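K.L.:
What follows is final35.txt; its format and atoms are compact mmCIF, C-alpha atoms.
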```
# COMPACT_ATOMS: atom_id res chain seq x y z
CA MET A 9 -52.24 74.33 -130.96
CA TYR A 10 -50.83 77.79 -131.47
CA LYS A 11 -47.19 77.87 -130.30
CA TRP A 12 -44.52 80.47 -129.68
CA LYS A 13 -41.27 80.79 -127.73
CA SER A 14 -39.85 83.25 -125.24
CA ARG A 15 -37.30 83.65 -122.47
CA VAL A 16 -37.86 84.72 -118.86
CA ARG A 17 -36.81 88.35 -118.47
CA PHE A 18 -35.48 90.18 -115.42
CA SER A 19 -38.57 92.41 -115.52
CA GLU A 20 -40.81 89.34 -115.05
CA ILE A 21 -39.19 87.78 -111.98
CA GLY A 22 -39.71 88.14 -108.25
CA GLU A 23 -37.34 88.11 -105.28
CA ASP A 24 -36.62 84.43 -105.85
CA LYS A 25 -35.35 85.11 -109.41
CA ARG A 26 -38.23 83.12 -110.87
CA LEU A 27 -41.12 84.10 -113.11
CA THR A 28 -44.03 85.39 -111.04
CA LEU A 29 -47.65 84.28 -111.30
CA ASP A 30 -48.36 87.66 -112.89
CA GLY A 31 -45.74 86.83 -115.50
CA ILE A 32 -47.31 83.44 -116.26
CA LEU A 33 -50.76 85.00 -116.59
CA ASN A 34 -49.40 87.67 -118.94
CA TYR A 35 -47.68 85.03 -121.10
CA PHE A 36 -50.97 83.14 -121.37
CA GLN A 37 -52.88 86.32 -122.14
CA ASP A 38 -50.32 87.24 -124.81
CA SER A 39 -50.62 83.73 -126.27
CA SER A 40 -54.33 84.15 -126.99
CA THR A 41 -53.73 87.65 -128.37
CA PHE A 42 -50.92 86.50 -130.68
CA HIS A 43 -53.02 83.54 -131.82
CA SER A 44 -55.94 85.77 -132.76
CA GLU A 45 -53.72 88.36 -134.47
CA ASP A 46 -51.89 85.73 -136.50
CA ILE A 47 -55.04 84.11 -137.88
CA GLY A 48 -56.59 87.43 -138.86
CA ASN A 49 -58.93 87.90 -135.93
CA GLY A 50 -57.06 90.51 -133.93
CA ILE A 51 -58.25 93.40 -131.81
CA ASP A 52 -58.96 95.70 -134.77
CA VAL A 53 -61.06 93.06 -136.54
CA VAL A 54 -63.22 92.38 -133.48
CA GLU A 55 -63.59 96.11 -132.78
CA ALA A 56 -64.85 96.65 -136.34
CA LEU A 57 -67.62 94.13 -135.58
CA GLN A 58 -68.43 96.07 -132.39
CA ARG A 59 -67.60 92.98 -130.40
CA VAL A 60 -65.22 92.14 -127.57
CA TRP A 61 -64.10 88.99 -125.76
CA VAL A 62 -64.31 89.42 -121.98
CA LEU A 63 -62.74 86.93 -119.60
CA SER A 64 -65.20 85.20 -117.27
CA SER A 65 -62.77 83.01 -115.31
CA TRP A 66 -59.21 81.80 -114.98
CA GLN A 67 -57.83 78.60 -113.50
CA ILE A 68 -54.03 78.55 -113.60
CA VAL A 69 -52.03 75.64 -112.16
CA VAL A 70 -48.28 76.04 -111.64
CA ASN A 71 -46.01 73.01 -111.37
CA GLU A 72 -42.80 75.02 -111.38
CA TYR A 73 -41.83 78.67 -111.80
CA PRO A 74 -39.06 79.02 -114.44
CA LYS A 75 -35.85 80.88 -113.59
CA ILE A 76 -34.53 84.10 -115.06
CA GLY A 77 -33.09 83.54 -118.52
CA GLU A 78 -34.82 80.18 -118.95
CA LYS A 79 -36.20 79.51 -122.41
CA ILE A 80 -39.89 78.64 -122.44
CA LYS A 81 -42.47 77.50 -124.96
CA LEU A 82 -46.10 78.58 -124.88
CA GLY A 83 -49.17 76.97 -126.40
CA THR A 84 -52.88 77.74 -126.54
CA TRP A 85 -56.00 76.46 -128.27
CA PRO A 86 -59.78 76.92 -128.09
CA TYR A 87 -61.77 73.81 -127.21
CA ASP A 88 -65.35 75.09 -127.30
CA PHE A 89 -67.64 77.77 -128.70
CA ASN A 90 -71.20 77.70 -127.40
CA ARG A 91 -73.46 80.58 -128.47
CA PHE A 92 -71.72 83.54 -126.80
CA PHE A 93 -69.19 81.58 -124.70
CA GLY A 94 -65.72 80.27 -125.49
CA GLY A 95 -63.30 77.95 -123.69
CA ARG A 96 -59.52 78.08 -124.12
CA ASN A 97 -56.58 76.12 -122.68
CA PHE A 98 -53.00 77.27 -122.18
CA ILE A 99 -49.72 75.51 -121.48
CA MET A 100 -46.15 76.55 -120.68
CA TYR A 101 -43.20 74.20 -121.26
CA GLY A 102 -39.62 74.41 -120.06
CA GLU A 103 -36.75 74.04 -122.49
CA ASP A 104 -36.63 70.32 -121.66
CA GLY A 105 -40.30 69.88 -122.56
CA LYS A 106 -41.50 69.68 -118.95
CA VAL A 107 -44.94 71.20 -118.30
CA LEU A 108 -44.34 74.19 -116.03
CA ALA A 109 -47.88 75.58 -115.94
CA TYR A 110 -51.26 75.10 -117.58
CA ALA A 111 -54.62 76.82 -117.49
CA ASN A 112 -58.27 76.87 -118.38
CA SER A 113 -60.15 80.03 -119.24
CA LEU A 114 -63.77 80.86 -120.05
CA TRP A 115 -64.71 83.87 -122.15
CA THR A 116 -67.89 85.77 -123.01
CA TYR A 117 -68.44 87.40 -126.40
CA LEU A 118 -70.09 90.80 -125.95
CA ASN A 119 -71.61 93.52 -128.06
CA SER A 120 -69.30 96.43 -127.21
CA GLU A 121 -72.05 98.99 -127.82
CA ASN A 122 -74.52 97.73 -125.22
CA GLY A 123 -72.41 95.31 -123.16
CA ARG A 124 -74.78 92.40 -123.80
CA PRO A 125 -73.74 88.86 -124.81
CA ALA A 126 -73.65 88.31 -128.57
CA ARG A 127 -73.65 85.11 -130.58
CA VAL A 128 -70.15 84.33 -131.87
CA ASP A 129 -69.97 85.44 -135.53
CA ASP A 130 -69.60 82.74 -138.18
CA GLN A 131 -66.53 84.46 -139.61
CA ILE A 132 -64.92 84.17 -136.18
CA LEU A 133 -65.77 80.48 -135.83
CA GLU A 134 -64.28 79.68 -139.23
CA LEU A 135 -60.87 81.02 -138.22
CA TYR A 136 -60.35 78.84 -135.14
CA LYS A 137 -59.69 75.13 -135.01
CA LEU A 138 -61.20 73.49 -131.96
CA GLU A 139 -59.05 70.90 -130.18
CA PRO A 140 -59.72 68.54 -127.26
CA LYS A 141 -59.71 69.95 -123.74
CA TYR A 142 -56.45 69.64 -121.81
CA ASP A 143 -56.31 66.71 -119.41
CA MET A 144 -56.51 68.50 -116.07
CA GLU A 145 -58.76 68.70 -113.03
CA TYR A 146 -61.26 71.41 -113.93
CA ALA A 147 -62.47 73.57 -111.04
CA ASP A 148 -65.87 75.23 -110.86
CA ARG A 149 -66.02 78.64 -112.51
CA LYS A 150 -67.65 80.14 -109.41
CA ILE A 151 -65.64 80.74 -106.25
CA ALA A 152 -67.37 80.34 -102.87
CA LEU A 153 -66.67 83.14 -100.40
CA PRO A 154 -65.69 82.22 -96.84
CA GLU A 155 -68.20 83.26 -94.17
CA GLU A 156 -65.68 85.52 -92.43
CA MET A 157 -63.68 88.02 -94.47
CA THR A 158 -61.75 91.08 -93.29
CA ALA A 159 -62.28 94.42 -95.02
CA GLN A 160 -59.15 96.22 -96.23
CA ASN A 161 -58.50 99.83 -97.20
CA ALA A 162 -60.23 100.94 -100.40
CA PHE A 163 -58.25 102.25 -103.38
CA PRO A 164 -59.13 103.81 -106.77
CA VAL A 165 -58.80 102.36 -110.24
CA GLU A 166 -55.89 104.11 -111.95
CA VAL A 167 -55.07 104.59 -115.63
CA TYR A 168 -52.33 101.94 -115.50
CA HIS A 169 -54.91 99.32 -114.51
CA LEU A 170 -56.81 99.68 -117.81
CA ASP A 171 -56.53 97.74 -121.08
CA THR A 172 -57.74 98.37 -124.64
CA ASN A 173 -61.33 97.70 -123.55
CA HIS A 174 -61.05 100.71 -121.19
CA HIS A 175 -61.69 98.66 -118.08
CA VAL A 176 -59.41 96.98 -115.54
CA ASN A 177 -57.38 94.24 -117.21
CA ASN A 178 -57.98 90.73 -115.85
CA GLY A 179 -54.35 90.39 -114.81
CA GLN A 180 -54.49 93.62 -112.81
CA TYR A 181 -57.22 92.20 -110.57
CA VAL A 182 -55.01 89.20 -109.81
CA LYS A 183 -52.09 91.51 -109.03
CA MET A 184 -54.32 93.58 -106.72
CA ALA A 185 -55.47 90.44 -104.90
CA GLY A 186 -51.92 89.09 -104.65
CA ALA A 187 -50.95 92.07 -102.50
CA TYR A 188 -52.77 90.40 -99.59
CA LEU A 189 -50.86 87.12 -99.68
CA PRO A 190 -48.69 86.29 -96.64
CA HIS A 191 -44.95 86.55 -97.30
CA GLY A 192 -43.55 83.26 -98.57
CA PHE A 193 -46.92 81.98 -99.82
CA GLU A 194 -46.06 79.90 -102.93
CA ILE A 195 -49.02 79.72 -105.29
CA ALA A 196 -49.84 76.28 -106.69
CA GLN A 197 -53.15 77.33 -108.23
CA MET A 198 -54.98 80.58 -108.89
CA ARG A 199 -58.66 80.88 -109.74
CA ALA A 200 -60.36 84.13 -110.68
CA GLU A 201 -64.06 84.76 -111.24
CA TYR A 202 -64.83 87.99 -113.08
CA LYS A 203 -68.28 89.38 -112.30
CA LYS A 204 -68.32 92.93 -113.64
CA SER A 205 -65.88 95.48 -115.02
CA ALA A 206 -64.26 98.21 -112.94
CA LEU A 207 -63.66 101.50 -114.75
CA LEU A 208 -61.34 104.45 -114.28
CA GLY A 209 -62.20 106.31 -111.08
CA ASP A 210 -64.13 103.44 -109.49
CA MET A 211 -63.19 102.63 -105.92
CA ILE A 212 -62.29 99.05 -105.03
CA TYR A 213 -63.09 97.72 -101.57
CA PRO A 214 -61.15 94.50 -100.85
CA LYS A 215 -62.23 91.76 -98.46
CA VAL A 216 -59.74 89.03 -97.53
CA ALA A 217 -59.91 85.60 -95.91
CA VAL A 218 -56.64 83.85 -95.03
CA GLU A 219 -57.01 80.13 -94.41
CA THR A 220 -54.50 77.34 -93.83
CA ASP A 221 -53.99 76.41 -97.46
CA LYS A 222 -55.61 79.24 -99.38
CA VAL A 223 -56.36 82.94 -99.53
CA VAL A 224 -59.58 84.33 -100.99
CA VAL A 225 -59.85 87.99 -101.99
CA SER A 226 -63.07 89.69 -103.10
CA LEU A 227 -62.55 93.02 -104.88
CA ASP A 228 -65.86 94.83 -104.39
CA ASP A 229 -67.61 98.05 -105.28
CA GLU A 230 -68.93 100.46 -102.63
CA ALA A 231 -72.19 98.50 -102.35
CA GLY A 232 -70.34 95.26 -101.63
CA ASN A 233 -70.86 93.70 -105.05
CA ALA A 234 -67.78 91.94 -106.37
CA PHE A 235 -65.93 93.07 -109.45
CA THR A 236 -63.71 89.98 -109.19
CA VAL A 237 -63.07 87.17 -106.74
CA VAL A 238 -59.61 85.58 -106.64
CA GLU A 239 -58.59 82.38 -104.86
CA PHE A 240 -54.95 81.43 -104.30
CA THR A 241 -54.11 77.87 -103.23
CA LYS A 242 -50.82 77.29 -101.41
CA ARG A 243 -48.34 74.65 -102.52
CA ALA A 244 -48.33 71.75 -100.08
```
Let me see the file written as structure tokens.
P.N.:
Amino acid sequence: MYKWKSRVRFSEIGEDKRLTLDGILNYFQDSSTFHSEDIGNGIDVVEALQRVWVLSSWQIVVNEYPKIGEKIKLGTWPYDFNRFFGGRNFIMYGEDGKVLAYANSLWTYLNSENGRPARVDDQILELYKLEPKYDMEYADRKIALPEEMTAQNAFPVEVYHLDTNHHVNNGQYVKMAGAYLPHGFEIAQMRAEYKKSALLGDMIYPKVAVETDKVVVSLDDEAGNAFTVVEFTKRA
């Protein structure tokens, strides 16, 4: 397991003085980035191969949101490489060793020139040590859409939504979807299914379904095809 430590910053908290879901997702995303950089398989190395890892799905479970100033420990490890797919787990511990949050993620390895899946390079495989999958309840990668969803106002993709791959960062989709949560909705689990990349200037047309214990948001293109679908489950 790749490990590193941090501390919850004021810039990462919400109204309740606790780390937000966005903050947890960003810590997990940073964990995989730091891991790859530290073993010699960082962004520049992958770019030189004309390859890119693109996230296919997230499943993040939150037991407890840490408070401002709290010291935290992060861990991540890959558990599977299968042709052009990869699976990776994440975990966040409190200072006392308690598991605050954990996650599963599925990734697709793409040729950055044509956008098609590419077999994971041998030199990449040699750098990572596979470890057993985390003991958690794994949800399906695909998210079923409710029959009735309400269309919301469309908005454009802005420069600040983009990452180094020049498309909307996976965390930005979750932040967009989170804008439709009812006030006071405490997230116990978030699932995101990434279908296609939104680029600068694209318009996003949200559809939302609010149910008793969950909210589903589909972020679509003009034709009604989803860029990303996000499901938030409420804490009981």
K.L.:
Would you kindly return, as a list in words, each protein, DNA or RNA residue with an atom no farther than 9 Å from any atom of Lys183 of chain A, considering all atoms listed in the file and excluding same-chain residues fewer than 3 positions away?
P.N.:
Leu29, Asp30, Gly179, Gln180, Gly186 and Ala187 of chain A
K.L.:
Can you measure atom CA of Glu194 of chain A to atom CA of Gly95 of chain A for me? One decimal in Å is fine.
P.N.:
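Separating atom CA of Glu194 of chain A from atom CA of Gly95 of chain A is a distance of 27.1 Å.
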K.L.:
Quick one: of A:Asp38, A:Glu239, A:Glu45, A:Glu134, who's nearest to Phe98 of chain A, counting all atoms listed in the file?
P.N.:
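Counting all atoms listed in the file, the residue closest to Phe98 of chain A is A:Asp38.
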K.L.:
Restricting the calculation to only C-alpha atoms, which member of A:Met9, A:Ala162, A:Ala56, A:Leu33 is positioned closest to Leu138 of chain A?
P.N.:
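Closest candidate: A:Met9.
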K.L.:
Using Å and a single decimal, report how far atom CA of Phe36 of chain A sits from atom CA of Met184 of chain A.
P.N.:
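These two atoms are separated by 18.3 Å.
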K.L.:
Have a look at atom CA of Ser226 of chain A and atom CA of Pro214 of chain A and let me know their distance in Å, one decimal.
P.N.:
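Atom CA of Pro214 of chain A lies 5.6 Å from atom CA of Ser226 of chain A.
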K.L.:
Which residues are near Tyr213 of chain A? Cut-off 12 Å, only C-alpha atoms, ignore same chain within fewer than 6 positions. Put them as a VMD selection string.
P.N.:
chain A and resid 158 to 165 184 to 185 206 225 to 237
K.L.:
Choose the residue, out of A:Ala126, A:Ile68, A:Val107, A:Leu82, that has the smallest atom-to-atom separation from Val16 of chain A; count all atoms listed in the file.
P.N.:
A:Leu82
K.L.:
Residues within 7 Å of Val223 of chain A, please, as a ChimeraX atom specification. Count all atoms listed in the file; anything in the same chain fewer than 4 positions from it doesn't count.
P.N.:
/A:189,217-219,239-241
K.L.:
Can those selected residues be exported to a file as a compact mmCIF listing (two decimals), in the frame of the given file so that it contains C-alpha atoms?
P.N.:
```txt
# COMPACT_ATOMS: atom_id res chain seq x y z
CA LEU A 189 -50.86 87.12 -99.68
CA ALA A 217 -59.91 85.60 -95.91
CA VAL A 218 -56.64 83.85 -95.03
CA GLU A 219 -57.01 80.13 -94.41
CA GLU A 239 -58.59 82.38 -104.86
CA PHE A 240 -54.95 81.43 -104.30
CA THR A 241 -54.11 77.87 -103.23
```
K.L.:
Give me, as a PyMOL selection string, all polymer residues having an atom no more than 9 Å from Ser14 of chain A, counting all atoms listed in the file and skipping those fewer than 5 positions away in the same chain.
P.N.:
chain A and resi 78-82
K.L.:
Closest to Glu103 of chain A among A:Trp115, A:Lys137, A:Pro74, A:Met144, using all atoms listed in the file?
P.N.:
A:Pro74
K.L.:
Between A:Val54, A:Ile99, A:Lys141, A:Val62, which has the minimum distance to Lys203 of chain A (counting all atoms listed in the file)?
P.N.:
A:Val62
K.L.:
Please list, as number ranges by chain, the residues that have an atom at most 12 Å away from (-61.9, 78.5, -126.6) in the coordinates of this file, counting all atoms listed in the file.
P.N.:
A: 9, 40, 43-44, 61, 63-64, 84-98, 111-117, 128, 132-133, 135-142
K.L.:
Find the residue from A:Val70, A:Ile21, A:Met100, A:Leu153 that sits nearest to Lys215 of chain A; use all atoms listed in the file when measuring.
P.N.:
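When distances to Lys215 of chain A are compared using all atoms listed in the file, the smallest one comes from A:Leu153.
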K.L.:
Need to verify the contact set: His175 of chain A, 7 Å, only C-alpha atoms, exclusion of same-chain residues closer than 5 positions in sequence. Can you return it as a ChimeraX atom specification?
P.N.:
/A:170,205-208
K.L.:
Taking all atoms of segment 50-62 of chain A that the file lists and extending 8 Å past them on each side, where is the centre of the axis-aligned box and how long are its edges? Answer in Å to one decimal, as lines of an AutoDock Vina configuration file.
P.N.:
```
center_x = -62.7
center_y = 92.8
center_z = -129.3
size_x = 27.4
size_y = 23.7
size_z = 30.6
```
